[in-house]
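Peer 1: For reference, this is structure08.tsv, and it has TSV, C-alpha atoms and all ligand atoms.
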```tsv
chain	number	residue	atom	x	y	z
Y	1	MET	CA	66.61	-59.38	-63.57
Y	2	ILE	CA	68.65	-59.02	-60.41
Y	3	ARG	CA	69.68	-55.72	-58.93
Y	4	ALA	CA	72.94	-56.30	-57.14
Y	5	VAL	CA	74.03	-53.71	-54.58
Y	6	ARG	CA	77.31	-53.81	-52.69
Y	7	PHE	CA	77.88	-51.65	-49.62
Y	8	HIS	CA	81.32	-50.75	-48.29
Y	9	GLY	CA	81.74	-49.16	-44.89
Y	10	ARG	CA	83.82	-49.18	-41.76
Y	11	GLY	CA	82.83	-51.18	-38.72
Y	12	GLY	CA	80.30	-49.04	-36.84
Y	13	GLN	CA	79.11	-47.00	-39.82
Y	14	GLY	CA	76.11	-49.19	-40.54
Y	15	ALA	CA	76.82	-50.77	-43.92
Y	16	LYS	CA	75.25	-54.03	-42.75
Y	17	THR	CA	72.13	-52.29	-41.45
Y	18	ALA	CA	71.89	-50.28	-44.67
Y	19	SER	CA	71.91	-53.47	-46.71
Y	20	ARG	CA	69.20	-54.93	-44.47
Y	21	ILE	CA	67.08	-51.79	-44.86
Y	22	LEU	CA	67.40	-52.03	-48.62
Y	23	GLY	CA	66.53	-55.74	-48.65
Y	24	THR	CA	63.57	-55.25	-46.34
Y	25	ALA	CA	62.25	-52.35	-48.41
Y	26	ALA	CA	62.45	-54.49	-51.54
Y	27	PHE	CA	60.68	-57.33	-49.72
Y	28	ILE	CA	57.91	-54.92	-48.66
Y	29	GLU	CA	57.42	-54.04	-52.33
Y	30	GLY	CA	56.97	-57.69	-53.23
Y	31	PHE	CA	60.44	-58.45	-54.55
Y	32	VAL	CA	62.57	-61.39	-53.58
Y	33	ALA	CA	65.46	-60.01	-51.54
Y	34	GLN	CA	68.67	-61.35	-50.09
Y	35	ASP	CA	71.15	-59.49	-47.90
Y	36	SER	CA	74.30	-60.57	-46.14
Y	37	PRO	CA	77.38	-58.91	-44.63
Y	38	ILE	CA	81.00	-59.95	-44.53
Y	39	TYR	CA	83.59	-58.88	-42.02
Y	40	GLY	CA	86.51	-60.45	-40.27
Y	41	ALA	CA	87.25	-60.09	-36.59
Y	42	GLU	CA	84.67	-57.47	-35.68
Y	43	ARG	CA	86.46	-54.23	-35.03
Y	44	ARG	CA	85.25	-50.65	-35.17
Y	45	GLY	CA	86.75	-48.92	-38.18
Y	46	ALA	CA	87.76	-52.07	-40.05
Y	47	PRO	CA	86.55	-52.42	-43.65
Y	48	VAL	CA	83.16	-54.11	-43.87
Y	49	ALA	CA	81.06	-55.07	-46.89
Y	50	ALA	CA	77.43	-56.06	-47.25
Y	51	PHE	CA	75.45	-57.32	-50.21
Y	52	THR	CA	71.83	-56.96	-51.27
Y	53	ARG	CA	70.26	-58.74	-54.20
Y	54	ILE	CA	66.78	-57.80	-55.38
Y	55	ALA	CA	64.82	-59.72	-58.02
Y	56	LYS	CA	61.36	-60.68	-59.17
Y	57	GLU	CA	62.26	-64.37	-59.34
Y	58	PRO	CA	63.92	-66.63	-56.76
Y	59	ILE	CA	67.57	-65.71	-56.33
Y	60	ARG	CA	69.92	-68.65	-56.70
Y	61	GLU	CA	73.16	-66.71	-56.47
Y	62	ARG	CA	74.85	-66.61	-53.09
Y	63	GLY	CA	77.85	-64.98	-51.54
Y	64	LEU	CA	79.80	-61.92	-52.58
Y	65	ILE	CA	78.62	-59.66	-55.38
Y	66	ALA	CA	81.53	-59.52	-57.79
Y	67	CYS	CA	79.91	-57.32	-60.45
Y	68	PRO	CA	77.52	-54.94	-58.69
Y	69	ASP	CA	74.98	-52.71	-60.42
Y	70	LEU	CA	75.35	-50.20	-57.60
Y	71	VAL	CA	78.19	-49.70	-55.13
Y	72	VAL	CA	77.53	-47.63	-52.01
Y	73	ILE	CA	80.70	-46.40	-50.31
Y	74	ALA	CA	80.18	-45.02	-46.81
Y	75	ASP	CA	83.69	-43.65	-46.39
Y	76	ALA	CA	85.86	-42.31	-49.20
Y	77	SER	CA	89.05	-43.55	-47.52
Y	78	LEU	CA	87.93	-47.09	-48.38
Y	79	ILE	CA	88.48	-46.46	-52.06
Y	80	HIS	CA	92.22	-46.77	-51.80
Y	81	ASP	CA	92.31	-49.23	-48.90
Y	82	PRO	CA	93.55	-52.48	-50.49
Y	83	ALA	CA	91.76	-54.51	-47.81
Y	84	ALA	CA	88.36	-53.05	-48.75
Y	85	HIS	CA	88.21	-53.98	-52.45
Y	86	ALA	CA	85.66	-51.20	-52.92
Y	87	LEU	CA	86.31	-50.81	-56.64
Y	88	ASP	CA	86.37	-54.48	-57.54
Y	89	GLY	CA	84.10	-55.36	-60.44
Y	90	ILE	CA	83.16	-51.75	-61.25
Y	91	ASP	CA	82.97	-50.70	-64.88
Y	92	ASP	CA	81.46	-47.82	-66.79
Y	93	ARG	CA	77.96	-49.22	-66.31
Y	94	THR	CA	78.14	-49.40	-62.53
Y	95	ALA	CA	76.43	-46.73	-60.46
Y	96	VAL	CA	78.62	-45.58	-57.57
Y	97	PHE	CA	77.53	-43.57	-54.55
Y	98	VAL	CA	80.19	-42.07	-52.26
Y	99	ASN	CA	79.48	-40.42	-48.92
Y	100	SER	CA	81.63	-37.33	-49.39
Y	101	PRO	CA	81.54	-33.57	-48.95
Y	102	LEU	CA	82.84	-33.25	-52.51
Y	103	THR	CA	80.48	-32.98	-55.46
Y	104	GLY	CA	80.51	-35.77	-57.98
Y	105	GLU	CA	82.55	-33.63	-60.38
Y	106	GLN	CA	85.08	-32.63	-57.70
Y	107	PHE	CA	85.39	-36.22	-56.58
Y	108	GLN	CA	85.80	-37.51	-60.07
Y	109	ALA	CA	88.49	-34.92	-60.83
Y	110	LEU	CA	90.53	-36.28	-57.91
Y	111	ALA	CA	89.78	-39.96	-58.05
Y	112	SER	CA	88.98	-40.81	-61.68
Y	113	LEU	CA	86.68	-43.63	-60.63
Y	114	PRO	CA	85.10	-45.90	-63.17
Y	115	GLY	CA	81.33	-45.93	-63.08
Y	116	ARG	CA	78.54	-43.39	-62.86
Y	117	LEU	CA	79.25	-41.37	-59.76
Y	118	THR	CA	77.00	-39.50	-57.38
Y	119	THR	CA	77.87	-38.13	-53.93
Y	120	MET	CA	76.24	-36.66	-50.84
Y	121	ASP	CA	77.70	-35.68	-47.47
Y	122	LEU	CA	75.66	-38.03	-45.29
Y	123	THR	CA	78.09	-37.70	-42.39
Y	124	ASP	CA	77.48	-33.96	-42.24
Y	125	ILE	CA	73.72	-34.47	-42.48
Y	126	ALA	CA	73.88	-36.97	-39.61
Y	127	LEU	CA	75.93	-34.55	-37.52
Y	128	GLN	CA	73.51	-31.71	-38.17
Y	129	GLN	CA	70.37	-33.73	-37.63
Y	130	PHE	CA	71.30	-36.26	-34.98
Y	131	GLY	CA	74.41	-34.81	-33.41
Y	132	LYS	CA	75.93	-38.26	-33.55
Y	133	ARG	CA	79.00	-39.54	-35.25
Y	134	GLY	CA	78.50	-42.11	-37.93
Y	135	ALA	CA	74.72	-42.68	-37.60
Y	136	ILE	CA	74.29	-42.98	-41.35
Y	137	SER	CA	73.00	-46.50	-41.88
Y	138	ALA	CA	69.41	-45.43	-42.59
Y	139	LEU	CA	70.63	-42.63	-44.84
Y	140	LEU	CA	72.76	-45.05	-46.84
Y	141	GLY	CA	69.76	-47.37	-47.15
Y	142	ALA	CA	67.55	-44.50	-48.31
Y	143	VAL	CA	70.01	-43.35	-50.95
Y	144	ALA	CA	70.53	-46.89	-52.21
Y	145	GLY	CA	66.78	-47.44	-52.31
Y	146	ARG	CA	66.27	-44.36	-54.44
Y	147	LEU	CA	69.06	-45.31	-56.81
Y	148	VAL	CA	67.63	-48.79	-57.42
Y	149	GLY	CA	64.10	-47.44	-57.84
Y	150	LEU	CA	62.34	-48.44	-54.62
Y	151	ARG	CA	59.58	-46.29	-53.16
Y	152	GLN	CA	60.22	-43.85	-50.34
Y	153	GLU	CA	57.37	-45.31	-48.25
Y	154	SER	CA	58.95	-48.77	-48.44
Y	155	ILE	CA	62.31	-47.39	-47.33
Y	156	CYS	CA	60.74	-45.60	-44.38
Y	157	GLU	CA	58.84	-48.72	-43.34
Y	158	ALA	CA	62.02	-50.77	-43.63
Y	159	ILE	CA	63.90	-48.24	-41.51
Y	160	ALA	CA	61.20	-48.52	-38.84
Y	161	ARG	CA	61.43	-52.33	-38.81
Y	162	GLU	CA	65.20	-52.56	-38.80
Y	163	LEU	CA	65.85	-49.82	-36.26
Y	164	ALA	CA	63.13	-51.20	-33.98
Y	165	ASP	CA	64.93	-54.55	-34.11
Y	166	LEU	CA	68.04	-52.73	-32.94
Y	167	GLY	CA	66.10	-51.38	-29.95
Y	168	LEU	CA	65.94	-47.71	-30.94
Y	169	ALA	CA	63.23	-45.53	-29.42
Y	170	ALA	CA	60.18	-44.63	-31.51
Y	171	SER	CA	61.06	-40.92	-31.45
Y	172	VAL	CA	64.56	-41.66	-32.80
Y	173	ILE	CA	63.14	-43.88	-35.53
Y	174	GLU	CA	60.65	-41.23	-36.57
Y	175	ARG	CA	63.34	-38.58	-36.76
Y	176	THR	CA	65.57	-40.94	-38.74
Y	177	GLN	CA	62.77	-41.64	-41.20
Y	178	THR	CA	62.31	-37.92	-41.79
Y	179	VAL	CA	66.00	-37.32	-42.45
Y	180	ALA	CA	66.27	-40.43	-44.61
Y	181	ALA	CA	63.32	-39.24	-46.70
Y	182	GLN	CA	65.13	-35.93	-47.24
Y	183	CYS	CA	68.24	-37.79	-48.43
Y	184	TYR	CA	66.06	-39.95	-50.66
Y	185	GLU	CA	64.68	-36.84	-52.33
Y	186	ALA	CA	67.98	-35.02	-52.55
Y	187	VAL	CA	70.35	-37.61	-53.98
Y	188	GLN	CA	71.36	-36.90	-57.55
Y	189	MET	CA	70.20	-39.80	-59.69
Y	190	VAL	CA	72.49	-41.80	-61.96
Y	191	ALA	CA	71.28	-44.36	-64.46
Y	192	LEU	CA	71.23	-47.94	-63.24
Y	193	ASP	CA	72.08	-50.49	-65.90
Y	194	THR	CA	70.99	-53.94	-64.78
Y	195	SER	CA	70.09	-55.54	-68.07
Y	196	SER	CA	73.61	-56.21	-69.26
Y	197	ARG	CA	74.59	-57.93	-66.01
Y	198	GLU	CA	72.28	-60.87	-66.28
Y	199	PRO	CA	74.29	-64.08	-66.35
Y	200	ALA	CA	74.78	-65.41	-69.86
Y	201	ALA	CA	74.08	-68.95	-68.69
Y	202	PRO	CA	72.02	-70.38	-65.82
Y	203	VAL	CA	73.89	-70.31	-62.54
Y	204	GLN	CA	75.38	-73.71	-61.74
Y	205	LEU	CA	74.76	-74.77	-58.15
Y	206	ARG	CA	77.70	-76.65	-56.70
Y	207	ALA	CA	77.96	-78.87	-53.67
Y	208	PRO	CA	80.59	-77.61	-51.20
Y	209	THR	CA	83.70	-79.67	-50.60
Y	210	TYR	CA	85.17	-80.10	-47.14
Y	211	GLU	CA	88.70	-80.73	-45.94
Y	212	PRO	CA	89.23	-83.74	-43.65
Y	213	PRO	CA	89.30	-83.00	-39.88
Y	214	THR	CA	93.01	-83.80	-39.81
Y	215	ARG	CA	93.77	-80.67	-41.81
Y	216	GLY	CA	94.71	-77.67	-39.69
Y	217	THR	CA	93.51	-74.11	-40.19
Y	218	ALA	CA	95.68	-71.12	-40.90
Y	219	ARG	CA	96.96	-69.24	-37.86
Y	220	ILE	CA	99.10	-66.22	-37.17
Y	221	SER	CA	102.23	-67.28	-35.41
Y	222	ALA	CA	104.36	-64.12	-35.67
Y	223	ALA	CA	104.31	-62.03	-32.51
Y	224	ALA	CA	103.87	-58.26	-32.15
Y	225	ASN	CA	102.98	-57.60	-35.78
Y	226	SER	CA	99.99	-55.27	-35.31
Y	227	ILE	CA	102.37	-52.32	-35.71
Y	228	LEU	CA	102.62	-53.27	-39.38
Y	229	ARG	CA	98.93	-52.52	-40.02
Y	230	GLU	CA	98.46	-48.76	-40.03
Y	231	THR	CA	94.84	-48.54	-38.94
Y	232	GLY	CA	94.93	-44.73	-38.88
Y	233	GLY	CA	93.29	-44.81	-42.32
Y	234	TRP	CA	90.16	-46.32	-40.72
Y	235	ARG	CA	89.19	-43.11	-38.92
Y	236	THR	CA	86.16	-41.05	-39.80
Y	237	PHE	CA	86.74	-38.88	-36.70
Y	238	ARG	CA	90.00	-38.28	-34.85
Y	239	PRO	CA	90.35	-37.68	-31.11
Y	240	VAL	CA	92.09	-34.36	-30.44
Y	241	LEU	CA	93.41	-33.21	-27.07
Y	242	VAL	CA	92.39	-29.88	-25.55
Y	243	PRO	CA	95.42	-29.58	-23.20
Y	244	ASP	CA	93.90	-27.01	-20.83
Y	245	LYS	CA	91.08	-29.38	-19.91
Y	246	CYS	CA	93.23	-32.46	-19.26
Y	247	ASN	CA	93.71	-33.38	-15.60
Y	248	GLY	CA	96.16	-36.19	-16.29
Y	249	CYS	CA	93.93	-39.00	-14.99
Y	250	TRP	CA	95.20	-41.61	-17.52
Y	251	LEU	CA	91.69	-42.94	-18.20
Y	252	CYS	CA	92.08	-42.53	-21.95
Y	253	PHE	CA	95.29	-44.54	-21.75
Y	254	ALA	CA	93.49	-47.29	-19.84
Y	255	TYR	CA	90.45	-47.44	-22.09
Y	256	CYS	CA	92.05	-47.29	-25.53
Y	257	PRO	CA	91.45	-50.80	-26.90
Y	258	ASP	CA	94.37	-50.60	-29.27
Y	259	GLY	CA	96.98	-49.26	-26.88
Y	260	VAL	CA	97.84	-46.33	-29.12
Y	261	ILE	CA	97.84	-43.71	-26.35
Y	262	SER	CA	101.06	-43.13	-24.45
Y	263	MET	CA	101.49	-40.71	-21.56
Y	264	THR	CA	104.13	-38.04	-21.16
Y	265	LYS	CA	106.07	-37.46	-17.95
Y	266	ASP	CA	103.59	-34.72	-17.01
Y	267	ASP	CA	100.64	-37.08	-17.52
Y	268	ARG	CA	99.37	-35.86	-20.87
Y	269	PRO	CA	98.20	-38.31	-23.55
Y	270	VAL	CA	99.94	-38.61	-26.89
Y	271	ILE	CA	97.98	-40.39	-29.62
Y	272	ASP	CA	99.68	-42.44	-32.30
Y	273	TYR	CA	97.58	-41.32	-35.26
Y	274	ASP	CA	99.16	-43.88	-37.57
Y	275	HIS	CA	97.37	-46.59	-35.58
Y	276	CYS	CA	94.42	-44.82	-33.88
Y	277	LYS	CA	91.38	-46.32	-35.61
Y	278	GLY	CA	89.01	-43.58	-34.45
Y	279	CYS	CA	86.68	-45.63	-32.23
Y	280	GLN	CA	86.19	-42.58	-29.95
Y	281	ILE	CA	86.16	-44.65	-26.77
Y	282	CYS	CA	88.76	-42.27	-25.30
Y	283	VAL	CA	86.50	-39.31	-26.14
Y	284	GLN	CA	83.56	-40.96	-24.42
Y	285	GLU	CA	85.52	-41.94	-21.32
Y	286	CYS	CA	87.43	-38.71	-20.74
Y	287	PRO	CA	85.83	-37.20	-17.60
Y	288	THR	CA	86.77	-33.60	-18.42
Y	289	GLU	CA	85.97	-33.54	-22.14
Y	290	ALA	CA	89.62	-32.89	-22.83
Y	291	LEU	CA	89.40	-35.15	-25.88
Y	292	VAL	CA	87.11	-34.04	-28.68
Y	293	ALA	CA	86.17	-35.73	-31.96
Y	294	GLU	CA	87.07	-33.84	-35.09
Y	295	ARG	CA	85.85	-34.97	-38.47
Y	296	GLU	CA	88.69	-36.58	-40.35
Y	297	LYS	CA	89.34	-34.42	-43.38
Y	298	GLU	CA	91.88	-36.99	-44.49
Y	299	GLY	CA	88.93	-39.29	-45.04
Y	300	THR	CA	88.11	-37.47	-48.26
Y	301	VAL	CA	89.61	-38.71	-51.46
Y	302	ALA	CA	91.80	-35.58	-51.60
Y	303	TRP	CA	94.05	-37.04	-48.91
Y	304	LYS	CA	94.38	-40.33	-50.71
Y	305	ALA	CA	95.03	-38.69	-54.05
Y	306	LYS	CA	98.18	-36.90	-52.81
Y	401	LIG	S1	91.06	-39.12	-19.95
Y	401	LIG	FE1	90.94	-36.95	-20.47
Y	401	LIG	S2	91.59	-35.90	-18.61
Y	401	LIG	FE2	92.24	-38.04	-18.39
Y	401	LIG	S3	94.38	-38.06	-19.21
Y	401	LIG	FE3	93.03	-38.57	-20.90
Y	401	LIG	S4	92.62	-36.61	-21.91
Y	401	LIG	FE4	93.43	-36.12	-19.88
Y	402	LIG	S1	93.10	-43.26	-29.29
Y	402	LIG	FE1	90.90	-43.13	-28.85
Y	402	LIG	S2	89.93	-43.17	-30.84
Y	402	LIG	FE2	92.03	-43.89	-31.12
Y	402	LIG	S3	91.89	-46.13	-31.00
Y	402	LIG	FE3	92.38	-45.36	-28.94
Y	402	LIG	S4	90.39	-45.10	-27.92
Y	402	LIG	FE4	89.99	-45.31	-30.10
```
Using structure tokens, write down the structure from this file.
Peer 2:
Amino acid sequence: MIRAVRFHGRGGQGAKTASRILGTAAFIEGFVAQDSPIYGAERRGAPVAAFTRIAKEPIRERGLIACPDLVVIADASLIHDPAAHALDGIDDRTAVFVNSPLTGEQFQALASLPGRLTTMDLTDIALQQFGKRGAISALLGAVAGRLVGLRQESICEAIARELADLGLAASVIERTQTVAAQCYEAVQMVALDTSSREPAAPVQLRAPTYEPPTRGTARISAAANSILRETGGWRTFRPVLVPDKCNGCWLCFAYCPDGVISMTKDDRPVIDYDHCKGCQICVQECPTEALVAEREKEGTVAWKAK
């Protein structure tokens, strides 16, 4: 029996680390575990997916998880992002966790998702407990671990190992373990149906085929087309100007990696929210704290359901 878990997040939210925490926790409990992420050009806010397989026997499957037993969605705006494919392969037997301030019933009323839904506002918990934006990887891992039936102690040990590998201080790790344990206890359980997803026939291993070296790779040749991709839907937090604090230094303009800040004639920034991906670099670099991060209410499914 394989438990197949697929994580969807935005670059910087920790979907990859969450999948590692889950895999490590399973490994600690004596299972065979496999985890892997997939993302394109690494970019904060861009859709990211990660996959964890857990089994008692050697796992011969590789690659993407097409029919997950559990889907963990770190940002509700991913649900209707065609690039994220967050709902692919979900049916009535799939357990689905969404990081959302809405209850499962409220969310379901708006989104009508297939699957067995449960929600929790991990972003708010992280803000309250850590005062940081987006530090939810361990919380995602804890919730996923509970939903697939792993022990809390294993999750906490896995959090310690994975966060230590990332160079976090012992005090931060300890605090994270405590908050993750609270999320583990609090998440509303939904039934996990793994039995019906076993492959009907043994998995066929195939040798890869390679193109000859004379064959070229795809490339983008059209110029100035980034305007076509509205990355505003990537935001979890939006930068907002407090005009009275702005001294017109232009640093936000200089630091914005996507060039979505323009300056007015009186040296005040104007943000193109259709393309601001919410990386918060401008907020961090502003010397007068004239830019503040506000949680993106549009990130809830309510915005997408309009
Ligand atoms: S960095 Fe801050 S103070 Fe400087 S222009 Fe931007 S918002 Fe104003
Ligand atoms: S405006 Fe700020 S938050 Fe938006 S992309 Fe630029 S630096 Fe990032």
Peer 1: Pull the closest atom pair for each residue of chain Y that gets at most 7 Å from ligand LIG 401 (chain Y), along with the distance in Å to one decimal, counting only C-alpha atoms and all ligand atoms, ordering rows by chain and then ascending residue number, as a Markdown table.
Peer 2:
```
| residue | atom | partner | partner_atom | distance |
| --- | --- | --- | --- | --- |
| Y:Leu241 | CA | Y:LIG401 | S4 | 6.2 |
| Y:Lys245 | CA | Y:LIG401 | S2 | 6.7 |
| Y:Cys246 | CA | Y:LIG401 | FE4 | 3.7 |
| Y:Asn247 | CA | Y:LIG401 | S2 | 4.5 |
| Y:Gly248 | CA | Y:LIG401 | S3 | 3.9 |
| Y:Cys249 | CA | Y:LIG401 | FE2 | 3.9 |
| Y:Trp250 | CA | Y:LIG401 | S3 | 4.0 |
| Y:Leu251 | CA | Y:LIG401 | S1 | 4.2 |
| Y:Cys252 | CA | Y:LIG401 | S1 | 4.1 |
| Y:Phe253 | CA | Y:LIG401 | FE3 | 6.4 |
| Y:Asp267 | CA | Y:LIG401 | S3 | 6.6 |
| Y:Arg268 | CA | Y:LIG401 | S3 | 5.7 |
| Y:Pro269 | CA | Y:LIG401 | S3 | 5.8 |
| Y:Cys282 | CA | Y:LIG401 | S1 | 6.6 |
| Y:Glu285 | CA | Y:LIG401 | S1 | 6.4 |
| Y:Cys286 | CA | Y:LIG401 | S1 | 3.7 |
| Y:Pro287 | CA | Y:LIG401 | FE1 | 5.9 |
| Y:Thr288 | CA | Y:LIG401 | S2 | 5.3 |
| Y:Glu289 | CA | Y:LIG401 | FE1 | 6.3 |
| Y:Ala290 | CA | Y:LIG401 | S4 | 4.9 |
| Y:Leu291 | CA | Y:LIG401 | S4 | 5.3 |
```
Peer 1: How would you report the residues lying within 6 Å of ligand LIG 402 (chain Y), as a PyMOL selection string, if you count all atoms listed in the file?
Peer 2: chain Y and resi 239+256-258+260-261+271+276-282
Peer 1: When you draw a straight line from atom CA of Y:Gly232 to atom CA of Y:Ala83, how long is it in Å?
Peer 2: 13.6 Å
Peer 1: Under the rule that only C-alpha atoms are counted, which of Y:Ile2, Y:Ala218, Y:Leu166, Y:Ala76 is the nearest residue to Y:Ile21?
Peer 2: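 The shortest atom-to-atom distance to Y:Ile21 comes from Y:Leu166.
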Peer 1: Provide the atom CA of Y:Val71 to atom CA of Y:Ala50 distance in Å, to one decimal place.
Peer 2: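 Spanning atom CA of Y:Val71 to atom CA of Y:Ala50 is a straight-line distance of 10.2 Å.
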Peer 1: At a cut-off of 6 Å, using all atoms listed in the file, what residues contact stretch 111-118 of chain Y? Leave out same-chain residues fewer than 2 positions from it and give the result as a list in words.
Peer 2: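 The residues satisfying every condition are Asp91, Asp92, Arg93, Thr94, Ala95, Val96, Phe97, Gly104, Phe107, Gln108 and Ala109 of chain Y.
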Peer 1: Which value, in Å to one decimal, gives the distance between atom CA of Y:Ala18 and atom CA of Y:Gly141?
Peer 2: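 Computed distance, atom CA of Y:Ala18 to atom CA of Y:Gly141, equals 4.4 Å.
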Peer 1: With distances taken over only C-alpha atoms, which residue among Y:Leu150, Y:Val240, Y:Ala66, Y:Ala186 lies nearest Y:Asp272?
Peer 2: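 Looking only at the distances to Y:Asp272, the closest residue turns out to be Y:Val240.
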Peer 1: Which of these residues is nearest to Y:Ile159, using only C-alpha atoms: Y:Ala55, Y:Ala46, Y:Ala74, Y:Val172?
Peer 2: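 The closest residue to Y:Ile159 is Y:Val172.
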Peer 1: Between Y:Val283, Y:Asp193, Y:Asp81, Y:Ala33, which has the minimum distance to Y:Arg60 (counting only C-alpha atoms)?
Peer 2: Y:Ala33
Peer 1: Using all atoms listed in the file, which protein or nucleic acid residues come within 6 Å of Y:Phe237? Drop anything in the same chain fewer than 2 positions from it, and give the result as a PDB file with C-alpha atoms, in the coordinates of the input.
Peer 2:
```
ATOM      1  CA  ARG Y 235      89.190 -43.110 -38.920  1.00  0.00           C
ATOM      2  CA  GLY Y 278      89.010 -43.580 -34.450  1.00  0.00           C
ATOM      3  CA  ALA Y 293      86.170 -35.730 -31.960  1.00  0.00           C
ATOM      4  CA  GLU Y 294      87.070 -33.840 -35.090  1.00  0.00           C
ATOM      5  CA  ARG Y 295      85.850 -34.970 -38.470  1.00  0.00           C
ATOM      6  CA  GLU Y 296      88.690 -36.580 -40.350  1.00  0.00           C
TER       7      GLU Y 296
END
```
Peer 1: Of the candidates Y:Ala222, Y:Gly63, Y:Thr209, Y:Gln188, which shows the shortest atom-to-atom distance to Y:Glu105, using only C-alpha atoms?
Peer 2: Y:Gln188
Peer 1: My list of candidates is Y:Gln182, Y:Thr194, Y:Asn225, Y:Thr236. Which is closest to Y:Pro68 when distances are computed with all atoms listed in the file?
Peer 2: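 Selected residue with least distance to Y:Pro68: Y:Thr194.
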Peer 1: Taking 3 positions as the minimum chain separation for residues in the same chain, which residues sit within 10 Å of Y:Gly12 when counting all atoms listed in the file? Answer as a PyMOL selection string.
Peer 2: chain Y and resi 9+15-17+42-48+133-137+279
Peer 1: Hey, what's within 8 Å of Y:Asp274 if we count all atoms listed in the file and toss same-chain stuff fewer than 4 positions away? As JSON, numbers by chain, please?
Peer 2: {"Y": [230, 231, 232, 233]}
Peer 1: Deliver the residues from the most recent selection as a file, using C-alpha atoms, as an mmCIF file, in the frame of the given file.
Peer 2:
```cif
data_model
loop_
_atom_site.group_PDB
_atom_site.id
_atom_site.type_symbol
_atom_site.label_atom_id
_atom_site.label_comp_id
_atom_site.auth_asym_id
_atom_site.auth_seq_id
_atom_site.Cartn_x
_atom_site.Cartn_y
_atom_site.Cartn_z
ATOM 1 C CA GLU Y 230 98.460 -48.760 -40.030
ATOM 2 C CA THR Y 231 94.840 -48.540 -38.940
ATOM 3 C CA GLY Y 232 94.930 -44.730 -38.880
ATOM 4 C CA GLY Y 233 93.290 -44.810 -42.320
#
```
Peer 1: Could you add whatever atoms are missing so that stretch 62-73 of chain Y carries N, CA, C and O atoms, then write the result as a short mmCIF file (atom, residue, chain, number, x, y, z; two decimals), keeping the file's coordinate frame?
Peer 2:
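Result file follows (out.cif):
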```
data_model
loop_
_atom_site.label_atom_id
_atom_site.label_comp_id
_atom_site.auth_asym_id
_atom_site.auth_seq_id
_atom_site.Cartn_x
_atom_site.Cartn_y
_atom_site.Cartn_z
N ARG Y 62 74.52 -66.79 -54.50
CA ARG Y 62 74.85 -66.61 -53.09
C ARG Y 62 76.21 -65.93 -52.98
O ARG Y 62 76.96 -65.87 -53.95
N GLY Y 63 76.51 -65.47 -51.81
CA GLY Y 63 77.85 -64.98 -51.54
C GLY Y 63 78.11 -63.56 -52.01
O GLY Y 63 77.18 -62.77 -52.20
N LEU Y 64 79.38 -63.27 -52.23
CA LEU Y 64 79.80 -61.92 -52.58
C LEU Y 64 79.22 -61.49 -53.92
O LEU Y 64 78.95 -62.33 -54.78
N ILE Y 65 79.05 -60.20 -54.09
CA ILE Y 65 78.62 -59.66 -55.38
C ILE Y 65 79.87 -59.16 -56.09
O ILE Y 65 80.45 -58.14 -55.70
N ALA Y 66 80.28 -59.87 -57.10
CA ALA Y 66 81.53 -59.52 -57.79
C ALA Y 66 81.34 -58.38 -58.78
O ALA Y 66 82.23 -57.56 -58.97
N CYS Y 67 80.18 -58.36 -59.44
CA CYS Y 67 79.91 -57.32 -60.45
C CYS Y 67 78.63 -56.58 -60.07
O CYS Y 67 77.55 -56.90 -60.58
N PRO Y 68 78.73 -55.61 -59.18
CA PRO Y 68 77.52 -54.94 -58.69
C PRO Y 68 76.94 -53.97 -59.72
O PRO Y 68 77.66 -53.43 -60.56
N ASP Y 69 75.62 -53.78 -59.63
CA ASP Y 69 74.98 -52.71 -60.42
C ASP Y 69 75.17 -51.37 -59.72
O ASP Y 69 75.25 -50.34 -60.37
N LEU Y 70 75.19 -51.42 -58.40
CA LEU Y 70 75.35 -50.20 -57.60
C LEU Y 70 76.32 -50.50 -56.47
O LEU Y 70 76.21 -51.53 -55.80
N VAL Y 71 77.27 -49.60 -56.27
CA VAL Y 71 78.19 -49.70 -55.13
C VAL Y 71 77.96 -48.48 -54.25
O VAL Y 71 77.95 -47.35 -54.74
N VAL Y 72 77.75 -48.71 -52.97
CA VAL Y 72 77.53 -47.63 -52.01
C VAL Y 72 78.73 -47.60 -51.07
O VAL Y 72 78.99 -48.57 -50.36
N ILE Y 73 79.47 -46.51 -51.09
CA ILE Y 73 80.70 -46.40 -50.31
C ILE Y 73 80.49 -45.38 -49.19
O ILE Y 73 80.29 -44.19 -49.45
#
```
